[in-house]
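Enquirer: Structure supplied as input21.txt; contents: compact mmCIF, C-alpha atoms.
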```
# COMPACT_ATOMS: atom_id res chain seq x y z
CA MET A 23 216.86 23.01 -176.26
CA PHE A 24 213.35 24.31 -175.76
CA GLN A 25 214.19 27.62 -177.41
CA ARG A 26 215.31 25.86 -180.55
CA ARG A 27 212.12 23.82 -180.71
CA THR A 28 210.08 27.00 -180.37
CA SER A 29 212.14 28.51 -183.16
CA ALA A 30 211.21 25.60 -185.39
CA ILE A 31 207.52 26.26 -184.87
CA SER A 32 207.98 29.97 -185.47
CA HIS A 33 209.40 29.15 -188.88
CA GLY A 34 206.05 27.70 -189.83
CA LEU A 35 206.74 23.99 -189.36
CA ASP A 36 204.01 22.71 -187.07
CA THR A 37 205.59 19.63 -185.51
CA SER A 38 202.58 18.91 -183.32
CA THR A 39 200.56 17.67 -186.29
CA MET A 40 203.35 15.98 -188.24
CA ASN A 41 204.93 12.59 -187.72
CA ILE A 42 208.58 11.78 -188.32
CA GLY A 43 207.91 10.61 -191.86
CA ASP A 44 206.17 13.87 -192.77
CA VAL A 45 209.02 15.89 -191.35
CA SER A 46 211.61 13.91 -193.28
CA GLU A 47 209.70 14.53 -196.49
CA THR A 48 209.40 18.24 -195.77
CA ILE A 49 213.04 18.75 -194.94
CA ARG A 50 215.51 18.37 -197.78
CA LYS A 51 218.13 15.71 -197.27
CA LYS A 52 221.71 16.94 -197.14
CA SER A 53 223.64 16.60 -200.37
CA LEU A 54 227.20 15.28 -200.51
CA LYS A 55 228.41 18.88 -200.59
CA ASP A 56 226.42 19.67 -197.44
CA ILE A 57 227.76 16.57 -195.69
CA VAL A 58 231.36 17.57 -196.41
CA ARG A 59 230.69 21.12 -195.27
CA HIS A 60 229.07 19.95 -192.01
CA PHE A 61 231.65 17.23 -191.26
CA THR A 62 233.04 18.32 -187.88
CA PRO A 63 236.16 17.13 -186.00
CA ALA A 64 233.83 15.42 -183.53
CA TRP A 65 233.54 12.52 -185.97
CA PHE A 66 236.97 11.33 -184.89
CA ALA A 67 235.39 10.43 -181.54
CA VAL A 68 233.95 7.50 -183.51
CA THR A 69 237.46 6.25 -184.24
CA MET A 70 238.42 6.70 -180.60
CA GLY A 71 235.51 4.58 -179.44
CA THR A 72 235.98 1.91 -182.12
CA GLY A 73 239.71 1.73 -181.39
CA SER A 74 239.06 1.25 -177.68
CA ILE A 75 236.87 -1.77 -178.48
CA ALA A 76 239.70 -3.31 -180.54
CA ILE A 77 242.08 -2.80 -177.59
CA LEU A 78 239.62 -4.44 -175.19
CA PHE A 79 239.36 -7.53 -177.41
CA HIS A 80 243.16 -7.67 -177.62
CA ASN A 81 243.54 -7.41 -173.82
CA SER A 82 240.65 -9.73 -172.97
CA PRO A 83 241.48 -11.71 -169.80
CA TYR A 84 239.53 -14.73 -171.02
CA ALA A 85 240.30 -16.69 -174.19
CA SER A 86 242.57 -13.89 -175.40
CA ASP A 87 244.54 -16.36 -177.56
CA SER A 88 241.44 -17.82 -179.19
CA PRO A 89 240.90 -17.22 -182.93
CA VAL A 90 237.57 -15.56 -182.12
CA MET A 91 239.05 -12.90 -179.85
CA ARG A 92 241.97 -12.28 -182.18
CA GLY A 93 239.58 -12.05 -185.09
CA PHE A 94 237.40 -9.47 -183.34
CA ALA A 95 240.46 -7.43 -182.34
CA LEU A 96 241.73 -7.38 -185.93
CA GLY A 97 238.23 -6.76 -187.28
CA PHE A 98 237.71 -3.68 -185.13
CA PHE A 99 241.25 -2.52 -185.91
CA PHE A 100 240.73 -2.59 -189.66
CA LEU A 101 237.25 -1.06 -189.30
CA ASN A 102 238.81 1.72 -187.25
CA LEU A 103 241.59 2.17 -189.81
CA ALA A 104 239.06 2.46 -192.62
CA LEU A 105 236.99 4.99 -190.67
CA PHE A 106 240.06 7.02 -189.77
CA LEU A 107 241.24 7.23 -193.38
CA LEU A 108 237.72 8.06 -194.60
CA PHE A 109 237.20 10.77 -191.99
CA SER A 110 240.64 12.23 -192.71
CA ALA A 111 239.84 12.41 -196.44
CA ILE A 112 236.49 14.11 -195.82
CA THR A 113 238.09 16.54 -193.37
CA ALA A 114 240.78 17.44 -195.90
CA ALA A 115 238.10 17.97 -198.57
CA ARG A 116 236.13 20.17 -196.17
CA TYR A 117 238.93 22.65 -195.65
CA ILE A 118 240.14 22.50 -199.25
CA PHE A 119 236.76 23.22 -200.84
CA PHE A 120 235.48 25.44 -198.00
CA PRO A 121 238.61 27.13 -196.63
CA GLY A 122 236.60 29.77 -194.80
CA ILE A 123 235.14 27.16 -192.47
CA TRP A 124 238.45 26.68 -190.66
CA PHE A 125 238.43 30.20 -189.24
CA HIS A 126 234.84 29.87 -188.03
CA MET A 127 235.47 26.41 -186.59
CA ILE A 128 238.64 27.40 -184.72
CA ARG A 129 236.75 30.28 -183.06
CA HIS A 130 233.83 28.12 -181.99
CA PRO A 131 234.14 27.52 -178.21
CA VAL A 132 233.02 23.88 -178.44
CA GLN A 133 233.61 22.44 -181.92
CA SER A 134 237.24 23.60 -182.01
CA LEU A 135 238.04 21.55 -178.90
CA TYR A 136 237.18 18.35 -180.75
CA ILE A 137 240.34 18.77 -182.84
CA GLY A 138 242.02 16.73 -180.13
CA THR A 139 240.01 13.66 -181.12
CA PHE A 140 242.11 13.35 -184.31
CA PRO A 141 245.45 12.43 -182.66
CA MET A 142 243.67 10.36 -180.00
CA GLY A 143 241.91 8.34 -182.69
CA ALA A 144 245.29 7.75 -184.37
CA THR A 145 246.72 6.60 -181.03
CA THR A 146 244.33 3.65 -180.85
CA LEU A 147 245.62 2.52 -184.26
CA ILE A 148 249.25 2.81 -183.12
CA ASN A 149 248.52 0.76 -179.99
CA ILE A 150 247.04 -2.18 -181.89
CA ALA A 151 249.68 -1.97 -184.63
CA SER A 152 252.39 -2.30 -181.99
CA SER A 153 250.87 -4.69 -179.47
CA ASP A 154 248.87 -6.94 -181.79
CA ILE A 155 250.01 -6.67 -185.40
CA PHE A 156 253.72 -6.66 -184.49
CA GLN A 157 254.12 -8.37 -181.11
CA THR A 158 251.42 -11.02 -181.56
CA TYR A 159 251.84 -11.82 -185.25
CA GLY A 160 255.39 -10.58 -185.80
CA PHE A 161 254.32 -8.66 -188.89
CA GLY A 162 256.84 -6.48 -190.68
CA GLY A 163 259.77 -6.88 -188.32
CA LYS A 164 262.10 -3.97 -187.65
CA PRO A 165 260.98 -1.75 -190.59
CA PHE A 166 257.33 -2.02 -189.51
CA ILE A 167 257.87 -1.15 -185.86
CA TYR A 168 260.16 1.75 -186.79
CA THR A 169 257.45 3.02 -189.14
CA VAL A 170 254.91 2.80 -186.33
CA TRP A 171 257.39 4.60 -184.06
CA ALA A 172 257.76 7.40 -186.63
CA CYS A 173 253.96 7.70 -186.79
CA TRP A 174 253.93 7.96 -183.01
CA TRP A 175 256.34 10.92 -183.10
CA ILE A 176 254.17 12.64 -185.70
CA ASN A 177 251.16 11.98 -183.49
CA VAL A 178 253.03 13.42 -180.50
CA ALA A 179 253.75 16.61 -182.44
CA ILE A 180 250.07 16.94 -183.41
CA SER A 181 249.02 16.25 -179.81
CA MET A 182 251.29 19.00 -178.49
CA ALA A 183 249.99 21.41 -181.12
CA CYS A 184 246.43 20.56 -180.07
CA CYS A 185 247.16 20.93 -176.37
CA PHE A 186 249.17 24.15 -176.28
CA GLY A 187 247.70 25.64 -179.46
CA MET A 188 244.08 25.19 -178.42
CA LEU A 189 244.74 26.50 -174.92
CA HIS A 190 246.19 29.62 -176.54
CA VAL A 191 243.16 29.89 -178.86
CA MET A 192 240.77 29.51 -175.91
CA ILE A 193 242.55 32.34 -174.13
CA THR A 194 242.91 34.75 -177.05
CA LEU A 195 240.17 34.07 -179.63
CA GLN A 196 237.23 32.53 -177.80
CA GLN A 197 234.81 33.60 -175.10
CA HIS A 198 234.20 31.21 -172.24
CA SER A 199 232.48 31.38 -168.89
CA LEU A 200 232.27 29.17 -165.84
CA LYS A 201 228.56 28.57 -166.43
CA SER A 202 229.08 27.37 -170.01
CA MET A 203 232.02 25.14 -169.11
CA THR A 204 231.81 21.41 -169.83
CA THR A 205 234.40 18.67 -169.67
CA VAL A 206 234.92 19.08 -173.42
CA TRP A 207 237.61 21.50 -172.26
CA LEU A 208 239.62 18.38 -171.44
CA LEU A 209 239.88 17.19 -175.05
CA PRO A 210 242.89 19.30 -176.11
CA VAL A 211 245.00 18.54 -173.03
CA VAL A 212 244.18 14.84 -172.68
CA THR A 213 245.85 14.25 -176.05
CA LEU A 214 249.20 14.24 -174.22
CA VAL A 215 247.99 11.61 -171.77
CA VAL A 216 246.69 9.35 -174.53
CA GLY A 217 249.87 9.78 -176.55
CA SER A 218 252.02 8.87 -173.55
CA SER A 219 250.17 5.57 -173.07
CA SER A 220 250.87 4.73 -176.69
CA GLY A 221 254.55 5.37 -176.04
CA GLY A 222 254.41 2.92 -173.16
CA VAL A 223 252.89 0.31 -175.45
CA LEU A 224 255.66 0.87 -178.02
CA VAL A 225 258.58 0.48 -175.60
CA PRO A 226 258.63 -3.37 -175.39
CA ALA A 227 258.64 -3.62 -179.20
CA LEU A 228 261.39 -0.99 -179.56
CA GLN A 229 263.51 -2.54 -176.82
CA VAL A 230 264.08 -5.62 -178.99
CA TYR A 231 265.96 -3.56 -181.56
CA SER A 232 267.19 -0.49 -179.65
CA PRO A 233 267.08 -0.09 -175.84
CA SER A 234 268.24 3.52 -176.30
CA TYR A 235 265.24 4.36 -178.48
CA ALA A 236 263.00 2.56 -176.01
CA LEU A 237 264.38 4.59 -173.10
CA LEU A 238 263.98 7.82 -175.06
CA THR A 239 260.35 6.94 -175.81
CA ALA A 240 259.59 6.03 -172.18
CA THR A 241 261.21 9.20 -170.84
CA PHE A 242 259.41 11.47 -173.29
CA SER A 243 256.12 9.68 -172.55
CA ALA A 244 256.64 10.25 -168.83
CA CYS A 245 257.01 13.99 -169.47
CA MET A 246 253.86 13.98 -171.61
CA VAL A 247 251.69 12.21 -169.04
CA THR A 248 252.97 14.59 -166.33
CA ILE A 249 251.96 17.68 -168.29
CA GLY A 250 248.69 16.26 -169.60
CA LEU A 251 247.56 14.90 -166.24
CA SER A 252 248.47 18.13 -164.42
CA LEU A 253 246.43 20.24 -166.84
CA SER A 254 243.54 17.76 -166.69
CA LEU A 255 243.38 17.85 -162.90
CA MET A 256 243.44 21.66 -162.97
CA LEU A 257 240.46 21.69 -165.35
CA LEU A 258 238.60 19.04 -163.35
CA THR A 259 238.98 21.20 -160.24
CA ILE A 260 237.35 24.11 -162.09
CA TYR A 261 234.66 21.78 -163.43
CA THR A 262 233.81 20.61 -159.91
CA LEU A 263 233.33 24.26 -158.93
CA ARG A 264 231.07 24.72 -161.97
CA LEU A 265 228.92 21.73 -160.90
CA VAL A 266 228.56 23.05 -157.36
CA VAL A 267 227.68 26.59 -158.46
CA TYR A 268 225.50 25.92 -161.51
CA GLY A 269 224.53 22.26 -161.29
CA TYR A 270 224.73 19.56 -163.95
CA PRO A 271 224.74 20.52 -167.65
CA THR A 272 221.32 20.31 -169.29
CA GLY A 273 220.20 18.34 -172.31
CA ALA A 274 222.64 16.16 -174.23
CA SER A 275 225.53 18.06 -172.64
CA ILE A 276 225.05 15.92 -169.53
CA LEU A 277 226.88 13.12 -171.36
CA SER A 278 230.08 15.14 -171.05
CA VAL A 279 230.21 14.11 -167.39
CA PHE A 280 231.76 10.82 -168.58
CA LEU A 281 234.80 12.55 -170.08
CA PRO A 282 236.73 12.94 -166.77
CA ILE A 283 237.03 9.15 -166.68
CA GLY A 284 239.32 9.43 -169.72
CA PRO A 285 242.31 11.41 -168.39
CA CYS A 286 242.27 9.65 -165.01
CA GLY A 287 241.95 6.17 -166.49
CA GLN A 288 244.33 6.70 -169.39
CA ALA A 289 246.97 8.34 -167.19
CA ALA A 290 246.78 5.39 -164.81
CA TYR A 291 247.20 2.96 -167.72
CA SER A 292 250.11 5.01 -169.02
CA LEU A 293 251.82 4.90 -165.62
CA LEU A 294 251.45 1.12 -165.48
CA LYS A 295 252.98 0.69 -168.93
CA LEU A 296 255.79 3.17 -168.24
CA GLY A 297 256.56 1.65 -164.85
CA SER A 298 256.93 -1.77 -166.45
CA SER A 299 259.08 -0.23 -169.18
CA PHE A 300 261.47 1.48 -166.77
CA ARG A 301 261.80 -1.71 -164.76
CA SER A 302 263.01 -3.57 -167.85
CA LEU A 303 265.25 -0.72 -169.05
CA LEU A 304 266.93 0.17 -165.75
CA PRO A 305 269.58 0.12 -164.43
CA LEU A 306 271.65 1.37 -167.35
CA ASP A 307 274.88 -0.38 -168.30
CA TYR A 308 276.60 2.82 -169.40
CA GLY A 309 277.35 6.27 -167.99
CA ASP A 310 278.65 7.36 -164.59
CA THR A 311 278.80 4.41 -162.22
CA ASP A 312 277.61 6.65 -159.37
CA GLY A 313 274.62 7.91 -161.33
CA LEU A 314 271.13 7.15 -160.08
CA LEU A 315 270.16 5.28 -163.23
CA ARG A 316 273.08 2.86 -162.76
CA GLN A 317 272.02 1.81 -159.27
CA PRO A 318 270.40 -1.62 -158.74
CA GLY A 319 266.77 -1.42 -157.80
CA THR A 320 266.12 1.90 -159.54
CA GLY A 321 263.76 0.32 -162.05
CA GLU A 322 261.77 -1.45 -159.33
CA VAL A 323 261.40 1.78 -157.33
CA VAL A 324 260.18 3.68 -160.39
CA GLU A 325 257.67 0.93 -161.16
CA LEU A 326 256.40 0.94 -157.56
CA ILE A 327 255.82 4.70 -157.71
CA CYS A 328 253.96 4.32 -161.00
CA VAL A 329 251.75 1.52 -159.66
CA VAL A 330 250.82 3.58 -156.57
CA GLY A 331 250.00 6.55 -158.80
CA ALA A 332 247.89 4.29 -161.04
CA MET A 333 245.85 3.11 -158.08
CA VAL A 334 245.21 6.70 -156.99
CA LEU A 335 244.02 7.58 -160.48
CA TRP A 336 241.87 4.42 -160.66
CA SER A 337 240.13 5.64 -157.51
CA LEU A 338 239.51 9.06 -159.09
CA ALA A 339 238.20 7.47 -162.28
CA SER A 340 235.81 5.30 -160.25
CA MET A 341 234.61 8.40 -158.41
CA TRP A 342 233.87 10.18 -161.71
CA ILE A 343 231.89 7.17 -162.91
CA LEU A 344 229.69 7.51 -159.83
CA PHE A 345 229.23 11.25 -160.45
CA ALA A 346 228.47 10.58 -164.11
CA MET A 347 225.79 8.01 -163.35
CA LEU A 348 224.19 10.23 -160.70
CA GLY A 349 224.17 13.20 -163.06
CA LEU A 350 222.77 11.18 -165.96
CA CYS A 351 219.96 9.71 -163.84
CA TYR A 352 219.16 13.15 -162.42
CA THR A 353 218.87 14.68 -165.90
CA LEU A 354 216.92 11.81 -167.48
CA CYS A 355 214.32 12.04 -164.73
CA ARG A 356 213.65 15.65 -165.77
CA GLU A 357 214.08 15.75 -169.56
CA ARG A 358 214.77 13.73 -172.67
CA PHE A 359 217.12 14.58 -175.50
CA GLU A 360 217.60 13.35 -179.03
CA PHE A 361 220.48 11.25 -180.30
CA ARG A 362 223.52 13.26 -181.40
CA LEU A 363 227.03 12.66 -182.61
CA SER A 364 228.32 13.78 -179.20
CA PHE A 365 227.05 10.48 -177.75
CA TRP A 366 230.24 8.90 -179.12
CA GLY A 367 232.20 10.81 -176.51
CA THR A 368 231.01 8.32 -173.88
CA VAL A 369 232.54 5.20 -175.47
CA PHE A 370 236.26 5.97 -175.25
CA PRO A 371 236.35 7.00 -171.55
CA ASN A 372 234.46 3.86 -170.54
CA GLY A 373 236.71 1.75 -172.74
CA VAL A 374 239.74 3.34 -171.09
CA TYR A 375 238.41 2.47 -167.64
CA ALA A 376 237.74 -1.13 -168.65
CA ASN A 377 241.23 -1.44 -170.11
CA LEU A 378 242.74 0.01 -166.94
CA ASN A 379 241.05 -2.66 -164.85
CA LEU A 380 242.43 -5.37 -167.13
CA ALA A 381 245.93 -3.88 -166.80
CA LEU A 382 245.61 -3.78 -163.00
CA ALA A 383 244.48 -7.40 -163.05
CA THR A 384 247.75 -8.31 -164.76
CA THR A 385 249.84 -6.16 -162.42
CA PHE A 386 248.34 -7.55 -159.19
CA SER A 387 247.19 -10.97 -160.50
CA SER A 388 243.84 -9.86 -159.10
CA THR A 389 240.61 -11.76 -159.69
CA PHE A 390 238.58 -8.70 -158.74
CA PHE A 391 240.11 -6.46 -161.39
CA ARG A 392 239.96 -9.29 -163.94
CA VAL A 393 236.25 -9.93 -163.44
CA TRP A 394 235.31 -6.25 -163.07
CA GLY A 395 237.32 -5.37 -166.14
CA ALA A 396 235.66 -8.12 -168.18
CA ILE A 397 232.17 -7.02 -167.08
CA TYR A 398 232.93 -3.39 -167.87
CA SER A 399 234.37 -4.40 -171.25
CA VAL A 400 231.13 -6.14 -172.17
CA GLY A 401 229.19 -3.07 -171.06
CA THR A 402 231.39 -0.85 -173.20
CA LEU A 403 230.84 -3.10 -176.22
CA ILE A 404 227.07 -2.89 -175.69
CA LEU A 405 227.36 0.89 -175.41
CA TRP A 406 229.29 0.96 -178.71
CA LEU A 407 226.57 -1.05 -180.41
CA CYS A 408 223.78 1.13 -178.99
CA ILE A 409 225.47 4.24 -180.40
CA ALA A 410 226.72 2.75 -183.68
CA LEU A 411 223.30 1.50 -184.82
CA PRO A 412 221.44 4.86 -184.66
CA THR A 413 224.47 6.56 -186.18
CA ILE A 414 224.30 4.25 -189.20
CA GLN A 415 220.55 4.83 -189.47
CA MET A 416 220.98 8.62 -189.50
CA VAL A 417 223.82 8.76 -192.04
CA PRO A 418 221.72 8.26 -195.24
CA SER A 419 219.46 11.23 -194.47
CA GLY A 420 222.40 13.38 -193.42
CA ARG A 421 220.65 14.47 -190.22
CA ILE A 422 223.63 13.57 -188.07
CA PHE A 423 225.94 15.86 -190.04
CA ASP A 424 225.66 19.20 -188.29
CA ALA A 425 228.27 21.89 -187.76
CA PRO A 426 227.19 24.37 -185.04
CA CYS A 427 229.92 26.78 -186.10
CA LEU A 428 228.01 27.31 -189.38
CA GLU A 429 224.64 28.13 -187.82
CA GLU A 430 225.10 31.87 -188.16
CA VAL A 431 227.43 31.84 -191.18
CA MET A 432 226.49 31.23 -194.79
CA ILE A 433 229.26 29.74 -196.88
CA GLY A 434 228.68 28.91 -200.52
CA GLU A 435 225.04 28.85 -201.55
CA PRO A 436 222.44 30.56 -199.34
CA THR A 437 220.99 28.50 -196.52
CA ARG A 438 217.42 27.43 -197.15
CA ASP A 439 214.62 27.76 -194.65
CA ALA A 440 214.12 24.01 -194.68
CA GLU A 441 217.73 23.46 -193.65
CA ARG A 442 217.34 25.89 -190.76
CA ASN A 443 214.19 24.09 -189.66
CA ALA A 444 216.07 20.79 -189.80
CA ASP A 445 218.83 22.19 -187.56
CA ASP A 446 216.21 23.48 -185.12
CA LEU A 447 214.55 20.07 -184.92
CA ARG A 448 217.83 18.23 -184.42
CA ASN A 449 218.91 20.48 -181.59
```
Give the structure from the file, written as structure tokens.
Expert:
Amino acid sequence: MFQRRTSAISHGLDTSTMNIGDVSETIRKKSLKDIVRHFTPAWFAVTMGTGSIAILFHNSPYASDSPVMRGFALGFFFLNLALFLLFSAITAARYIFFPGIWFHMIRHPVQSLYIGTFPMGATTLINIASSDIFQTYGFGGKPFIYTVWACWWINVAISMACCFGMLHVMITLQQHSLKSMTTVWLLPVVTLVVGSSSGGVLVPALQVYSPSYALLTATFSACMVTIGLSLSLMLLTIYTLRLVVYGYPTGASILSVFLPIGPCGQAAYSLLKLGSSFRSLLPLDYGDTDGLLRQPGTGEVVELICVVGAMVLWSLASMWILFAMLGLCYTLCRERFEFRLSFWGTVFPNGVYANLNLALATTFSSTFFRVWGAIYSVGTLILWLCIALPTIQMVPSGRIFDAPCLEEVMIGEPTRDAERNADDLRN
């Protein structure tokens, strides 16, 4: 951080005698072409955070059937849908008009990992489409829910490509070290966990029309959450070693300490949904009469195992919240950092944890989880507002559009000195 600020002064821009207004006049605003070129995959973290707010309104333990709560849930859903379509269009334009960027982005050890935010942002749309649009309002009937199911399978394929493909890229094309590691490494693998929870949400809607399709979805989702959670826990073990050896990340990177809440919380939520699904789907009424899936009580046993696993993961998620708050306080006492797009990475994990508490409240009929989940939901909404407002303020000037993978590469027209100074100031 401090090296970049020094670099800005060495370029001849004396920030000590200039206010923010002077700097903004000196530095050229990004054109539409620059915005498209600097539009990174990290923008889909905005859709993840916005989608999590819609889910929290839908699952609100208080006045959930009121027109106000339903209106907010639908409002955030359609806002998220609009953002997702807009970001997808800009992303497509980026790689169509600047095809060379893809190869530089995929080799970048940080920006490439944000590719996983695309399928996870789509997952939040699938969840609301299934649980709210279809199950609450009965919109579309069988054709609609089968369309949503088809979208889920496409999302699953993309999630698997992100998980296994990016792990392969990290091994073969990128350079990483223990010291430079952050929890952003989790983004490719957690796509499987998030996708599995969406499958659990889809099962009750599918079961109405086809129990076989519902069972297939639940089984495949169980495999996904097993793989995704296993990889996540492996990476979190390495990350704990990194914290002990090198300490907390510096600067804005400290916010990445909130990301471990995501895989733990979302996996727990997925287990709760899948456990409930297997309880309603089992035992089967076909197949070998001596088979395990034909035995009475199988569904209840599977659900019990899932609930126990969810409680273990809730405990881990709560632990990571404590570590995150300690690390954030420790860093803020020693330095300050400017607002960046990466701040959006804190909304979804906290939303996941709030949603998990609400799901546990339903499972145990617990007042504690109901109240704690409601309080945490309000806190997550406030966090969303605190990040959304500065993001909106920075969009017109284009300062928030920044692609680190292009810092040392010139694509298209030559990079101007003023643009380099702007990048130095932002970082």
Enquirer: Compare A:Val216, A:Leu306, A:Leu363, A:Val206 by their minimum atom-to-atom distance to Phe423 (chain A), counting all atoms listed in the file, and give me the closest one.
Expert: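 Using all atoms listed in the file, the shortest distance to Phe423 (chain A) belongs to A:Leu363.
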Enquirer: Kindly indicate which residue among A:Ile137, A:Leu263, A:Leu314, A:Leu214 lies nearest to Ser292 (chain A), using all atoms listed in the file for the distances.
Expert: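 Selected residue with least distance to Ser292 (chain A): A:Leu214.
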Enquirer: Just to confirm, what's the straight-line distance from CA of Met182 (chain A) to CA of Met203 (chain A) in Å (one decimal)?
Expert: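 Here the two named atoms are 22.3 Å from each other.
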Enquirer: Pick out the closest residue to Ser218 (chain A) from this set: A:Thr413, A:Ser134, A:Ser387, A:Ser181. Count all atoms listed in the file.
Expert: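 Closest to Ser218 (chain A), using all atoms listed in the file: A:Ser181.
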Enquirer: Using all atoms listed in the file, which protein or nucleic acid residues come within 7 Å of Thr368 (chain A)? Drop anything in the same chain fewer than 5 positions from it, and give the result as a VMD selection string.
Expert: chain A and resid 277 280 to 281
Enquirer: Report, in Å to a single decimal, how far apart CA of Gly284 (chain A) and CA of Arg92 (chain A) are.
Expert: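 Taking CA of Arg92 (chain A) as the start and CA of Gly284 (chain A) as the end point, the length is 25.2 Å.
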Enquirer: Find, counting only C-alpha atoms, the residue in A:Trp342, A:Phe106, A:Phe361, A:Phe300 that gets nearest to Ile327 (chain A).
Expert: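 Checking each of A:Trp342, A:Phe106, A:Phe361, A:Phe300 against Ile327 (chain A), counting only C-alpha atoms, the winner is A:Phe300.
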Enquirer: Residues proximal to (257.1, 0.5, -156.4) were defined as those with any atom within 12 Å of that point in the file's coordinates, counting only C-alpha atoms. Which are they, as a list in words?
Expert: Leu293, Leu294, Gly297, Ser298, Phe300, Arg301, Gly319, Thr320, Gly321, Glu322, Val323, Val324, Glu325, Leu326, Ile327, Cys328, Val329, Val330, Gly331, Ala332, Met333 and Thr385 of chain A
Enquirer: Within 12 Å of (223.8, 14.9, -200.8) in the file's own coordinates, which protein, DNA or RNA residues have an atom, counting all atoms listed in the file? List them as a list in words.
Expert: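 Within the cut-off we find Arg50, Lys51, Lys52, Ser53, Leu54, Lys55, Asp56, Ile57, Val58, Arg59, His60, Val417, Pro418, Ser419, Gly420, Arg421 and Phe423 of chain A.
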Enquirer: Take the residues from that selection and write them out as a short mmCIF file (atom, residue, chain, number, x, y, z; two decimals), in the frame of the given file, keeping C-alpha atoms.
Expert:
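Okay, again-v5.cif is ready:
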```
data_model
loop_
_atom_site.label_atom_id
_atom_site.label_comp_id
_atom_site.auth_asym_id
_atom_site.auth_seq_id
_atom_site.Cartn_x
_atom_site.Cartn_y
_atom_site.Cartn_z
CA ARG A 50 215.51 18.37 -197.78
CA LYS A 51 218.13 15.71 -197.27
CA LYS A 52 221.71 16.94 -197.14
CA SER A 53 223.64 16.60 -200.37
CA LEU A 54 227.20 15.28 -200.51
CA LYS A 55 228.41 18.88 -200.59
CA ASP A 56 226.42 19.67 -197.44
CA ILE A 57 227.76 16.57 -195.69
CA VAL A 58 231.36 17.57 -196.41
CA ARG A 59 230.69 21.12 -195.27
CA HIS A 60 229.07 19.95 -192.01
CA VAL A 417 223.82 8.76 -192.04
CA PRO A 418 221.72 8.26 -195.24
CA SER A 419 219.46 11.23 -194.47
CA GLY A 420 222.40 13.38 -193.42
CA ARG A 421 220.65 14.47 -190.22
CA PHE A 423 225.94 15.86 -190.04
#
```
Enquirer: What does the distance from CA of Asp87 (chain A) to CA of Asp154 (chain A) come to in Å, to one decimal?
Expert: 11.2 Å
Enquirer: Tell me, as a PyMOL selection string, which residues lie within 8 Å of Leu147 (chain A), counting only C-alpha atoms; anything in the same chain fewer than 5 positions away does not count.
Expert: chain A and resi 73+99+102-103
Enquirer: Taking only C-alpha atoms into account, which of A:Ala290, A:Ala179, A:Leu228, A:Cys245 comes nearest Gln157 (chain A)?
Expert: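 Smallest separation from Gln157 (chain A) among the options: A:Leu228.
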Enquirer: Counting all atoms listed in the file, which residue out of A:Leu238, A:Cys408, A:Leu382, A:Arg129 sits closest to His190 (chain A)?
Expert: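 With all atoms listed in the file as the atom set, the closest residue is A:Arg129.
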Enquirer: Would you list the contacts of region 349-351 of chain A as a ChimeraX atom specification, taking every protein, DNA or RNA residue within 7 Å and counting all atoms listed in the file, but skipping same-chain residues closer than 3 positions in sequence?
Expert: /A:270,276,345-346,354-355
